[in-house]
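Novice: Please read through the structure below; I'll follow up with questions.
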Amino acid sequence: MIVIHHNPDCGTSRNVLAIIEAGGEVPVVIEYLKEGWTRPQLLGLFAAAGLTPRTALRETKSPAKDLGLLEPGVSDEVILEAMLEHPVLVNRPIVCSPKGVRLCRPSEAVLDLLETLPPGPFHKEDGELLIDENGQRVG
């Protein structure tokens, strides 16, 4: 089973979901902006993905700067608390699969988590080729 913590307004997140589905998976889609996060959930995801609140912080197109979270010396605990209050602060998408947990930025990072690659050729939304006509990863 694959789980994607997804934001449908994010191009990277949409690309990752499309890659998962093209690989033949039917993922569990969690729209975290609607669902929100819990402390145990975030801590578990971060530990499994090798992230900290700081490395998982979405710095652009989020209130991170306005909340003072980009300043030196801001603790992971302060960032985590802000993430619980403002779910958009968590960078996305985070994907969980039997092969591991990863923040899939860039979107092709999800390919390492799939049992089966999408058939090629496969392109991202912007037209970039990810899988060639022979089913091989590009790049």
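Here's how to read the names in the structure tokens: chain A, B, ... by the order shown, residue numbers from 1 in each chain, ligand numbers from 1 in the order shown.
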At a cut-off of 7 Å, can you tabulate as CSV every residue of range 79-111 of chain A near range 29-40 of chain A together with its closest atom pair and the distance in Å to one decimal, using only C-alpha atoms and ordering rows by chain then number?

Specialist:
```
residue,atom,partner,partner_atom,distance
A:Leu84,CA,A:Trp37,CA,5.7
A:Pro87,CA,A:Gly36,CA,5.7
A:Val88,CA,A:Leu33,CA,6.3
```

Novice: Give me the residues within 10 Å of Ile20 in chain A as an MDAnalysis selection string, counting only C-alpha atoms and dropping any in the same chain fewer than 3 places off.

Specialist: chainID A and resid 2:4 14:17 23:27 95 110:111 113:118

Novice: Counting only C-alpha atoms, figure out which residue out of A:Arg54, A:Lys99, A:His86, A:Arg92 gets nearest to Met1 in chain A.

Specialist: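 Going through A:Arg54, A:Lys99, A:His86, A:Arg92 one by one, the smallest distance to Met1 in chain A is for A:Lys99.
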
Novice: Could you go through chain A and tell me which residues DSSP, when run on the backbone, assigns to strand (DSSP E), listing them as a PDB file with N, CA, C and O atoms, in the first residue's frame?

Specialist:
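As written to disk, selection_14.pdb reads:
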```pdb
ATOM      1  N   VAL A   3       0.815   5.459   0.530  1.00  0.00           N
ATOM      2  CA  VAL A   3       0.083   6.604   1.072  1.00  0.00           C
ATOM      3  C   VAL A   3       0.810   7.863   0.621  1.00  0.00           C
ATOM      4  O   VAL A   3       2.033   7.953   0.738  1.00  0.00           O
ATOM      5  N   ILE A   4       0.043   8.821   0.109  1.00  0.00           N
ATOM      6  CA  ILE A   4       0.620  10.108  -0.272  1.00  0.00           C
ATOM      7  C   ILE A   4      -0.061  11.207   0.527  1.00  0.00           C
ATOM      8  O   ILE A   4      -1.286  11.284   0.567  1.00  0.00           O
ATOM      9  N   HIS A   5       0.751  12.020   1.176  1.00  0.00           N
ATOM     10  CA  HIS A   5       0.265  13.223   1.861  1.00  0.00           C
ATOM     11  C   HIS A   5       0.322  14.315   0.794  1.00  0.00           C
ATOM     12  O   HIS A   5       1.399  14.782   0.424  1.00  0.00           O
ATOM     13  N   HIS A   6      -0.847  14.695   0.302  1.00  0.00           N
ATOM     14  CA  HIS A   6      -1.010  15.368  -0.982  1.00  0.00           C
ATOM     15  C   HIS A   6      -1.652  16.742  -0.841  1.00  0.00           C
ATOM     16  O   HIS A   6      -2.530  16.949  -0.012  1.00  0.00           O
ATOM     17  N   VAL A  28      -3.545   5.583  -1.082  1.00  0.00           N
ATOM     18  CA  VAL A  28      -4.378   6.302  -0.129  1.00  0.00           C
ATOM     19  C   VAL A  28      -3.924   7.749  -0.202  1.00  0.00           C
ATOM     20  O   VAL A  28      -2.734   8.036  -0.030  1.00  0.00           O
ATOM     21  N   VAL A  29      -4.849   8.646  -0.502  1.00  0.00           N
ATOM     22  CA  VAL A  29      -4.515  10.059  -0.660  1.00  0.00           C
ATOM     23  C   VAL A  29      -5.007  10.813   0.570  1.00  0.00           C
ATOM     24  O   VAL A  29      -6.203  10.808   0.866  1.00  0.00           O
ATOM     25  N   ILE A  30      -4.078  11.434   1.266  1.00  0.00           N
ATOM     26  CA  ILE A  30      -4.430  12.239   2.444  1.00  0.00           C
ATOM     27  C   ILE A  30      -4.183  13.693   2.085  1.00  0.00           C
ATOM     28  O   ILE A  30      -3.047  14.096   1.844  1.00  0.00           O
ATOM     29  N   GLU A  31      -5.262  14.453   2.006  1.00  0.00           N
ATOM     30  CA  GLU A  31      -5.135  15.885   1.750  1.00  0.00           C
ATOM     31  C   GLU A  31      -4.878  16.569   3.084  1.00  0.00           C
ATOM     32  O   GLU A  31      -5.789  16.953   3.798  1.00  0.00           O
ATOM     33  N   ILE A  94       4.769  13.932   0.935  1.00  0.00           N
ATOM     34  CA  ILE A  94       5.460  12.860   1.651  1.00  0.00           C
ATOM     35  C   ILE A  94       4.750  11.570   1.266  1.00  0.00           C
ATOM     36  O   ILE A  94       3.521  11.478   1.357  1.00  0.00           O
ATOM     37  N   VAL A  95       5.534  10.599   0.806  1.00  0.00           N
ATOM     38  CA  VAL A  95       4.984   9.329   0.341  1.00  0.00           C
ATOM     39  C   VAL A  95       5.516   8.199   1.211  1.00  0.00           C
ATOM     40  O   VAL A  95       6.709   8.144   1.514  1.00  0.00           O
ATOM     41  N   CYS A  96       4.605   7.306   1.598  1.00  0.00           N
ATOM     42  CA  CYS A  96       4.941   6.115   2.373  1.00  0.00           C
ATOM     43  C   CYS A  96       4.649   4.894   1.501  1.00  0.00           C
ATOM     44  O   CYS A  96       3.554   4.789   0.948  1.00  0.00           O
ATOM     45  N   SER A  97       5.626   3.997   1.388  1.00  0.00           N
ATOM     46  CA  SER A  97       5.425   2.770   0.620  1.00  0.00           C
ATOM     47  C   SER A  97       6.162   1.646   1.333  1.00  0.00           C
ATOM     48  O   SER A  97       6.945   1.904   2.257  1.00  0.00           O
ATOM     49  N   GLY A 100       9.771   2.410   1.740  1.00  0.00           N
ATOM     50  CA  GLY A 100      10.254   3.503   2.574  1.00  0.00           C
ATOM     51  C   GLY A 100       9.345   4.710   2.565  1.00  0.00           C
ATOM     52  O   GLY A 100       8.260   4.699   1.989  1.00  0.00           O
ATOM     53  N   VAL A 101       9.818   5.748   3.238  1.00  0.00           N
ATOM     54  CA  VAL A 101       9.098   7.011   3.362  1.00  0.00           C
ATOM     55  C   VAL A 101      10.025   8.104   2.870  1.00  0.00           C
ATOM     56  O   VAL A 101      11.212   8.130   3.225  1.00  0.00           O
ATOM     57  N   ARG A 102       9.474   9.009   2.056  1.00  0.00           N
ATOM     58  CA  ARG A 102      10.329  10.033   1.479  1.00  0.00           C
ATOM     59  C   ARG A 102       9.533  11.292   1.176  1.00  0.00           C
ATOM     60  O   ARG A 102       8.383  11.221   0.764  1.00  0.00           O
ATOM     61  N   LEU A 103      10.193  12.426   1.357  1.00  0.00           N
ATOM     62  CA  LEU A 103       9.688  13.688   0.834  1.00  0.00           C
ATOM     63  C   LEU A 103      10.047  13.674  -0.645  1.00  0.00           C
ATOM     64  O   LEU A 103      11.233  13.642  -0.994  1.00  0.00           O
ATOM     65  N   PHE A 122       6.757   8.502 -20.247  1.00  0.00           N
ATOM     66  CA  PHE A 122       5.970   9.166 -19.207  1.00  0.00           C
ATOM     67  C   PHE A 122       6.585  10.539 -18.954  1.00  0.00           C
ATOM     68  O   PHE A 122       7.787  10.651 -18.725  1.00  0.00           O
ATOM     69  N   HIS A 123       5.741  11.564 -19.008  1.00  0.00           N
ATOM     70  CA  HIS A 123       6.179  12.948 -18.826  1.00  0.00           C
ATOM     71  C   HIS A 123       5.507  13.567 -17.602  1.00  0.00           C
ATOM     72  O   HIS A 123       4.368  13.234 -17.277  1.00  0.00           O
ATOM     73  N   LEU A 129      10.487  14.585 -19.611  1.00  0.00           N
ATOM     74  CA  LEU A 129      10.444  13.139 -19.753  1.00  0.00           C
ATOM     75  C   LEU A 129      11.075  12.467 -18.537  1.00  0.00           C
ATOM     76  O   LEU A 129      12.214  12.760 -18.179  1.00  0.00           O
ATOM     77  N   LEU A 130      10.323  11.565 -17.889  1.00  0.00           N
ATOM     78  CA  LEU A 130      10.843  10.816 -16.740  1.00  0.00           C
ATOM     79  C   LEU A 130      11.174   9.373 -17.101  1.00  0.00           C
ATOM     80  O   LEU A 130      12.146   8.812 -16.609  1.00  0.00           O
ATOM     81  N   ILE A 131      10.314   8.765 -17.919  1.00  0.00           N
ATOM     82  CA  ILE A 131      10.481   7.376 -18.339  1.00  0.00           C
ATOM     83  C   ILE A 131      10.469   7.379 -19.866  1.00  0.00           C
ATOM     84  O   ILE A 131       9.527   7.897 -20.473  1.00  0.00           O
TER      85      ILE A 131
END
```

Novice: Can you pull out every residue within 7 Å of Ala56 in chain A, counting only C-alpha atoms, but drop anything in the same chain fewer than 4 positions away, and send it as a list in words?

Specialist: Leu51, Thr52, Val90 and Asn91 of chain A

Novice: Once you have the residues from the selection above, write them out as a PDB file, in the first residue's frame, restricted to N, CA and C atoms.

Specialist:
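Contents of selection_20.pdb, as written:
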```pdb
ATOM      1  N   LEU A  51      14.011  13.085   8.190  1.00  0.00           N
ATOM      2  CA  LEU A  51      13.820  14.536   8.180  1.00  0.00           C
ATOM      3  C   LEU A  51      13.756  15.074   9.596  1.00  0.00           C
ATOM      4  N   THR A  52      13.949  16.365   9.719  1.00  0.00           N
ATOM      5  CA  THR A  52      13.679  17.092  10.954  1.00  0.00           C
ATOM      6  C   THR A  52      12.602  18.119  10.622  1.00  0.00           C
ATOM      7  N   VAL A  90       4.415  22.189   6.125  1.00  0.00           N
ATOM      8  CA  VAL A  90       5.100  20.922   5.861  1.00  0.00           C
ATOM      9  C   VAL A  90       5.278  20.777   4.352  1.00  0.00           C
ATOM     10  N   ASN A  91       6.519  20.605   3.935  1.00  0.00           N
ATOM     11  CA  ASN A  91       6.801  20.426   2.520  1.00  0.00           C
ATOM     12  C   ASN A  91       6.151  19.137   2.035  1.00  0.00           C
TER      13      ASN A  91
END
```

Novice: Please indicate the distance in Å from CA of Thr55 in chain A to CA of Ser13 in chain A, rounded to one decimal place.

Specialist: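 Those two atoms sit 17.6 Å apart.
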
Novice: From a DSSP calculation on the backbone, collect every residue of chain A in helix (DSSP H, G or I) and output the set as a PyMOL selection string.

Specialist: chain A and resi 11-22+32-35+39-49+53-56+76-85+87-89+107-113

Novice: Could you state the separation of CA of Ala109 in chain A and CA of Arg58 in chain A in Å, given to one decimal place?

Specialist: 17.3 Å

Novice: Of the candidates A:Gly127, A:Pro98, A:Asp132, A:Glu108, which one gets nearest to Ile19 in chain A if we count only C-alpha atoms?

Specialist: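 Between A:Gly127, A:Pro98, A:Asp132, A:Glu108, the residue approaching Ile19 in chain A most closely is A:Glu108.
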